[in-house]
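Raw contents of coords08.cif, mmCIF, C-alpha atoms:
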data_work
loop_
_atom_site.label_atom_id
_atom_site.label_comp_id
_atom_site.auth_asym_id
_atom_site.auth_seq_id
_atom_site.Cartn_x
_atom_site.Cartn_y
_atom_site.Cartn_z
CA MET A 1 156.91 85.79 68.15
CA ARG A 2 160.51 84.73 67.59
CA ILE A 3 161.16 83.95 71.26
CA ASN A 4 159.72 80.45 70.84
CA GLU A 5 160.72 79.72 67.24
CA ASN A 6 163.27 77.09 68.31
CA CYS A 7 161.56 75.96 71.48
CA ARG A 8 159.90 72.62 72.19
CA ILE A 9 158.21 71.93 75.53
CA ILE A 10 157.57 68.33 76.57
CA GLY A 11 154.81 67.67 79.08
CA LYS A 12 153.32 64.47 80.45
CA ARG A 13 150.57 64.16 77.83
CA VAL A 14 151.38 66.81 75.26
CA VAL A 15 154.32 68.35 73.43
CA LEU A 16 154.25 72.02 72.41
CA VAL A 17 156.10 73.10 69.27
CA PRO A 18 156.13 76.47 67.46
CA TYR A 19 153.59 76.98 64.68
CA LYS A 20 155.47 76.29 61.46
CA GLU A 21 154.59 76.32 57.76
CA SER A 22 154.36 72.51 57.81
CA HIS A 23 151.41 72.75 60.21
CA VAL A 24 149.32 75.11 58.09
CA ASP A 25 147.47 72.59 55.89
CA LYS A 26 146.05 70.68 58.85
CA TYR A 27 145.34 73.86 60.80
CA HIS A 28 143.41 75.20 57.81
CA LYS A 29 141.34 72.02 57.63
CA TRP A 30 140.47 72.40 61.31
CA MET A 31 139.26 75.95 60.81
CA THR A 32 136.83 75.00 58.07
CA SER A 33 134.73 73.52 60.88
CA GLN A 34 131.74 75.74 61.68
CA GLU A 35 131.82 74.45 65.27
CA LEU A 36 135.43 75.62 65.76
CA GLN A 37 134.74 78.93 64.04
CA GLU A 38 131.92 79.59 66.50
CA LEU A 39 133.85 78.43 69.57
CA THR A 40 136.90 80.51 68.68
CA ALA A 41 134.99 83.47 67.18
CA SER A 42 137.08 83.07 64.02
CA GLU A 43 136.37 83.92 60.40
CA PRO A 44 137.23 81.30 57.73
CA LEU A 45 140.38 82.01 55.73
CA THR A 46 141.60 80.69 52.40
CA LEU A 47 144.63 78.41 52.48
CA GLU A 48 146.76 81.22 51.05
CA GLU A 49 145.56 83.58 53.78
CA GLU A 50 146.35 80.95 56.41
CA TYR A 51 149.94 80.63 55.13
CA ALA A 52 150.29 84.42 55.18
CA MET A 53 148.95 84.57 58.74
CA GLN A 54 151.41 81.92 59.93
CA LYS A 55 154.29 83.96 58.52
CA SER A 56 153.05 87.20 60.07
CA TRP A 57 152.45 85.61 63.49
CA HIS A 58 155.97 84.17 63.43
CA VAL A 59 157.50 87.65 63.44
CA ASP A 60 154.78 89.44 65.43
CA GLU A 61 156.24 90.22 68.86
CA ASN A 62 152.72 90.49 70.31
CA LYS A 63 151.75 86.89 69.54
CA CYS A 64 153.19 83.62 70.86
CA THR A 65 151.79 80.42 69.41
CA PHE A 66 152.47 76.74 70.02
CA ILE A 67 150.94 73.75 68.28
CA VAL A 68 149.78 71.07 70.71
CA LEU A 69 150.89 67.51 69.87
CA ASP A 70 149.69 64.19 71.28
CA LYS A 71 152.81 62.99 73.08
CA GLU A 72 152.05 59.27 72.70
CA LYS A 73 151.76 59.63 68.92
CA TRP A 74 154.77 61.96 68.79
CA LYS A 75 156.93 59.34 70.54
CA GLN A 76 156.28 56.87 67.70
CA THR A 77 159.16 57.34 65.28
CA GLU A 78 157.08 56.46 62.21
CA THR A 79 154.46 59.14 62.92
CA LYS A 80 154.74 62.48 61.14
CA GLU A 81 154.49 65.57 63.31
CA ASP A 82 151.37 66.88 61.58
CA ASP A 83 149.65 63.57 62.32
CA CYS A 84 150.23 64.24 66.04
CA MET A 85 148.56 67.67 65.99
CA CYS A 86 145.70 68.20 68.47
CA GLY A 87 145.24 71.96 68.55
CA ASP A 88 147.01 75.18 69.48
CA VAL A 89 147.61 77.49 72.42
CA ASN A 90 148.28 81.22 72.12
CA LEU A 91 149.34 84.31 74.02
CA PHE A 92 148.35 87.75 72.74
CA LEU A 93 150.05 90.83 74.20
CA ASN A 94 147.36 93.28 73.16
CA ASP A 95 148.37 96.30 75.26
CA PRO A 96 151.58 97.99 74.02
CA ASP A 97 151.83 99.84 77.33
CA ASN A 98 151.56 96.70 79.44
CA ARG A 99 153.90 93.85 78.50
CA GLN A 100 153.06 91.90 81.65
CA THR A 101 149.49 91.02 80.66
CA ALA A 102 148.45 88.67 77.89
CA GLU A 103 145.26 87.11 76.59
CA VAL A 104 145.53 83.31 76.53
CA GLU A 105 143.63 81.00 74.18
CA ILE A 106 143.53 77.21 73.94
CA MET A 107 141.90 75.07 71.25
CA ILE A 108 141.82 71.27 71.06
CA ALA A 109 140.59 70.84 67.51
CA GLU A 110 140.89 67.07 67.08
CA GLU A 111 137.82 65.37 68.55
CA THR A 112 139.85 62.23 69.37
CA CYS A 113 142.14 64.37 71.55
CA ARG A 114 139.36 65.84 73.67
CA GLY A 115 138.55 64.66 77.16
CA LYS A 116 142.11 63.46 77.78
CA GLY A 117 143.45 66.42 79.74
CA PHE A 118 145.44 67.75 76.78
CA GLY A 119 143.86 71.19 76.90
CA LYS A 120 144.37 71.54 80.64
CA GLU A 121 148.04 70.57 80.47
CA ALA A 122 148.73 72.75 77.42
CA LEU A 123 147.17 75.73 79.18
CA TRP A 124 149.23 75.15 82.35
CA ILE A 125 152.42 74.86 80.30
CA MET A 126 151.69 77.99 78.29
CA MET A 127 150.90 80.02 81.39
CA GLN A 128 154.10 78.83 83.02
CA TYR A 129 156.09 79.58 79.86
CA GLY A 130 154.63 83.08 79.69
CA MET A 131 155.47 83.68 83.32
CA GLU A 132 159.03 82.31 83.15
CA LYS A 133 160.15 83.38 79.67
CA ILE A 134 158.07 86.49 78.86
CA GLY A 135 157.61 87.90 82.35
CA LEU A 136 153.82 87.84 82.40
CA LYS A 137 151.99 88.62 85.64
CA LYS A 138 148.37 88.59 84.51
CA TYR A 139 146.34 86.52 82.06
CA THR A 140 142.98 87.30 80.51
CA ALA A 141 140.67 85.04 78.52
CA LYS A 142 137.66 85.82 76.35
CA ILE A 143 135.31 82.85 76.02
CA GLY A 144 131.92 82.53 74.33
CA MET A 145 129.14 81.94 76.84
CA LYS A 146 128.10 78.79 74.95
CA ASN A 147 131.56 77.27 75.39
CA THR A 148 130.73 75.85 78.81
CA LYS A 149 133.55 73.30 78.89
CA SER A 150 136.19 75.95 78.31
CA LEU A 151 134.62 78.29 80.85
CA SER A 152 134.60 75.52 83.43
CA MET A 153 138.26 74.66 82.79
CA PHE A 154 139.44 78.25 83.09
CA LYS A 155 137.48 78.78 86.30
CA LYS A 156 139.04 75.65 87.78
CA PHE A 157 142.41 77.25 87.07
CA GLY A 158 141.41 80.20 89.20
CA PHE A 159 140.28 82.62 86.48
CA LYS A 160 137.58 85.04 87.67
CA GLU A 161 134.83 86.64 85.60
CA VAL A 162 135.33 90.39 85.20
CA SER A 163 132.91 91.36 82.41
CA PHE A 164 130.31 90.14 79.95
CA SER A 165 129.62 91.40 76.42
CA GLU A 166 126.02 90.97 75.30
CA VAL A 167 126.96 92.01 71.76
CA PHE A 168 129.59 89.28 71.36
CA GLU A 169 128.01 86.90 73.90
CA GLU A 170 131.46 86.65 75.44
CA ILE A 171 132.75 86.45 79.00
CA THR A 172 136.09 88.00 79.97
CA LEU A 173 138.06 86.33 82.77
CA GLU A 174 141.29 87.28 84.53
CA PHE A 175 144.05 85.48 86.42
CA GLY A 176 146.62 87.47 88.37
CA VAL A 177 149.89 85.69 89.14
CA THR A 178 150.45 86.12 92.87
CA GLU A 179 153.37 84.40 94.59
CA SER A 180 151.15 81.51 95.74
CA GLU A 181 149.64 81.09 92.27
CA LYS A 182 153.13 81.29 90.75
CA LEU A 183 154.13 78.39 92.98
CA GLU A 184 151.12 76.36 91.84
CA LEU A 185 151.88 77.10 88.18
CA THR A 186 155.38 75.70 88.58
CA LYS A 187 154.03 72.41 89.96
CA ILE A 188 151.64 71.29 87.22
CA PRO A 189 152.41 69.96 84.72
CA LEU A 190 156.04 71.11 84.73
CA GLN A 191 157.52 70.63 88.17
CA LYS A 192 160.41 72.88 87.19
CA MET A 193 161.99 74.42 84.12
CA PRO A 194 165.26 72.56 83.50
CA LYS A 195 168.27 74.27 82.02
CA GLU A 196 168.06 75.09 78.36
CA LYS A 197 169.77 72.60 76.09
CA CYS A 198 170.45 72.13 72.44
CA ASN A 199 169.06 68.95 70.97
CA LYS A 200 167.95 67.21 67.81
CA ASN A 201 164.58 65.57 67.91
CA LYS A 202 163.74 62.32 66.16
CA LYS A 203 162.46 64.22 63.13
CA GLY A 204 165.88 65.89 62.71
CA ILE A 205 164.70 69.34 63.73
CA GLY A 206 167.10 71.33 65.87
CA TYR A 207 165.76 73.07 68.97
CA GLN A 208 167.89 75.62 70.79
CA GLU A 209 165.61 75.39 73.82
CA GLU A 210 163.99 72.24 75.12
CA PHE A 211 162.09 71.90 78.38
CA GLU A 212 160.94 68.58 79.71
CA SER A 213 158.65 67.90 82.64
CA LEU A 214 159.90 65.70 85.44
CA GLY A 215 158.37 62.24 85.48
CA SER A 216 157.11 62.51 81.92
#

Please re-express this file's structure in structure tokens.
Amino acid sequence: MRINENCRIIGKRVVLVPYKESHVDKYHKWMTSQELQELTASEPLTLEEEYAMQKSWHVDENKCTFIVLDKEKWKQTETKEDDCMCGDVNLFLNDPDNRQTAEVEIMIAEETCRGKGFGKEALWIMMQYGMEKIGLKKYTAKIGMKNTKSLSMFKKFGFKEVSFSEVFEEITLEFGVTESEKLELTKIPLQKMPKEKCNKNKKGIGYQEEFESLGS
């Protein structure tokens, strides 16, 4: 999705950046993990296929992807961006007749990044971004029944179970954005969405849109 191709979102613990070609090598290494393949219900791809997928997702108006970075590492000027990578967060607009509903996915691939609240914050940011910039009013999530940590996190967000697939051993959850839930989404982790600004980050990459959380 081109809407976020020049967008960086800075949270308290994580930084979200669009999925670029420079991220593909590390992403591919992550997805050779059988554990991650099972948790994400993904099939292994060759490196060439992974590069092709990154290019197709970039222009696919039904997919919005950010790479999740460890903010503390990212702040260190000597650290390369791919060395800060923790995982990714995605929105999939699967219904062409309903552009206000999206499936949301979050993956924290780096084991050293788990248990630090990165996934929770990245999910909050992505849901807020989808609400503010894409106009989403409902989120769905499909999670394997064995992925108990992810199920627990989504339920704490207010997602409710709506169906279960025995064939795929997968639970579908939904979150409808009411006015009260919209208010909660704008509090954590981004207290508000500041005005868009043009900036150059320390790596020399230009971003037409940059959002930064208050108190980060």

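With all atoms listed in the file as the basis for measurement, A:Ile143 is the residue among A:Ile143, A:Ile134, A:Cys64, A:Leu16 that approaches Ile171 (chain A) most closely.
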
Could you tell me which residues the PyMOL selection byres ((chain A and resi 93) around 9) returns for this structure, as a ChimeraX atom specification? /A:61-64,91-92,94-96,98-103

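Considering the residues A:Lys71, A:Lys29, A:Lys138, A:His58 and counting all atoms listed in the file, Gly117 (chain A) has its shortest atom-to-atom contact with A:Lys71.
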
Mind pulling up the distance from CA of Thr148 (chain A) to CA of Ile108 (chain A)? 14.3 Å

What separation in Å, quoted to one decimal, exists between CA of Met145 (chain A) and CA of Val177 (chain A)? 24.4 Å

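Atom to atom, CA of Glu35 (chain A) and CA of Gly144 (chain A) stand 12.1 Å apart.
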
For Leu36 (chain A), please output as a ChimeraX atom specification all residues within 12 Å (counting all atoms listed in the file; exclusion window: fewer than 6 positions along the same chain). /A:27-30,42-44,87,106-111,144,147

Going by the chain IDs and residue numbers used in this file, which residues fall under the PyMOL selection byres ((chain A and resi 158) around 12)? Write them as a PDB file with C-alpha atoms, in the frame of the given file.
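Output file out.pdb follows:
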ATOM      1  CA  TRP A 124     149.230  75.150  82.350  1.00  0.00           C
ATOM      2  CA  LYS A 138     148.370  88.590  84.510  1.00  0.00           C
ATOM      3  CA  TYR A 139     146.340  86.520  82.060  1.00  0.00           C
ATOM      4  CA  THR A 140     142.980  87.300  80.510  1.00  0.00           C
ATOM      5  CA  ALA A 141     140.670  85.040  78.520  1.00  0.00           C
ATOM      6  CA  LEU A 151     134.620  78.290  80.850  1.00  0.00           C
ATOM      7  CA  SER A 152     134.600  75.520  83.430  1.00  0.00           C
ATOM      8  CA  MET A 153     138.260  74.660  82.790  1.00  0.00           C
ATOM      9  CA  PHE A 154     139.440  78.250  83.090  1.00  0.00           C
ATOM     10  CA  LYS A 155     137.480  78.780  86.300  1.00  0.00           C
ATOM     11  CA  LYS A 156     139.040  75.650  87.780  1.00  0.00           C
ATOM     12  CA  PHE A 157     142.410  77.250  87.070  1.00  0.00           C
ATOM     13  CA  PHE A 159     140.280  82.620  86.480  1.00  0.00           C
ATOM     14  CA  LYS A 160     137.580  85.040  87.670  1.00  0.00           C
ATOM     15  CA  GLU A 161     134.830  86.640  85.600  1.00  0.00           C
ATOM     16  CA  LEU A 173     138.060  86.330  82.770  1.00  0.00           C
ATOM     17  CA  GLU A 174     141.290  87.280  84.530  1.00  0.00           C
ATOM     18  CA  PHE A 175     144.050  85.480  86.420  1.00  0.00           C
ATOM     19  CA  GLY A 176     146.620  87.470  88.370  1.00  0.00           C
ATOM     20  CA  VAL A 177     149.890  85.690  89.140  1.00  0.00           C
ATOM     21  CA  THR A 178     150.450  86.120  92.870  1.00  0.00           C
ATOM     22  CA  SER A 180     151.150  81.510  95.740  1.00  0.00           C
ATOM     23  CA  GLU A 181     149.640  81.090  92.270  1.00  0.00           C
ATOM     24  CA  LYS A 182     153.130  81.290  90.750  1.00  0.00           C
ATOM     25  CA  GLU A 184     151.120  76.360  91.840  1.00  0.00           C
ATOM     26  CA  LEU A 185     151.880  77.100  88.180  1.00  0.00           C
TER      27      LEU A 185
END

List the residues selected by the PyMOL selection byres ((chain A and resi 72) around 12) in the file shown, writing them as JSON, numbers by chain. {"A": [10, 11, 12, 13, 14, 15, 69, 70, 71, 73, 74, 75, 76, 77, 78, 79, 81, 83, 84, 85, 86, 113, 116, 118, 216]}
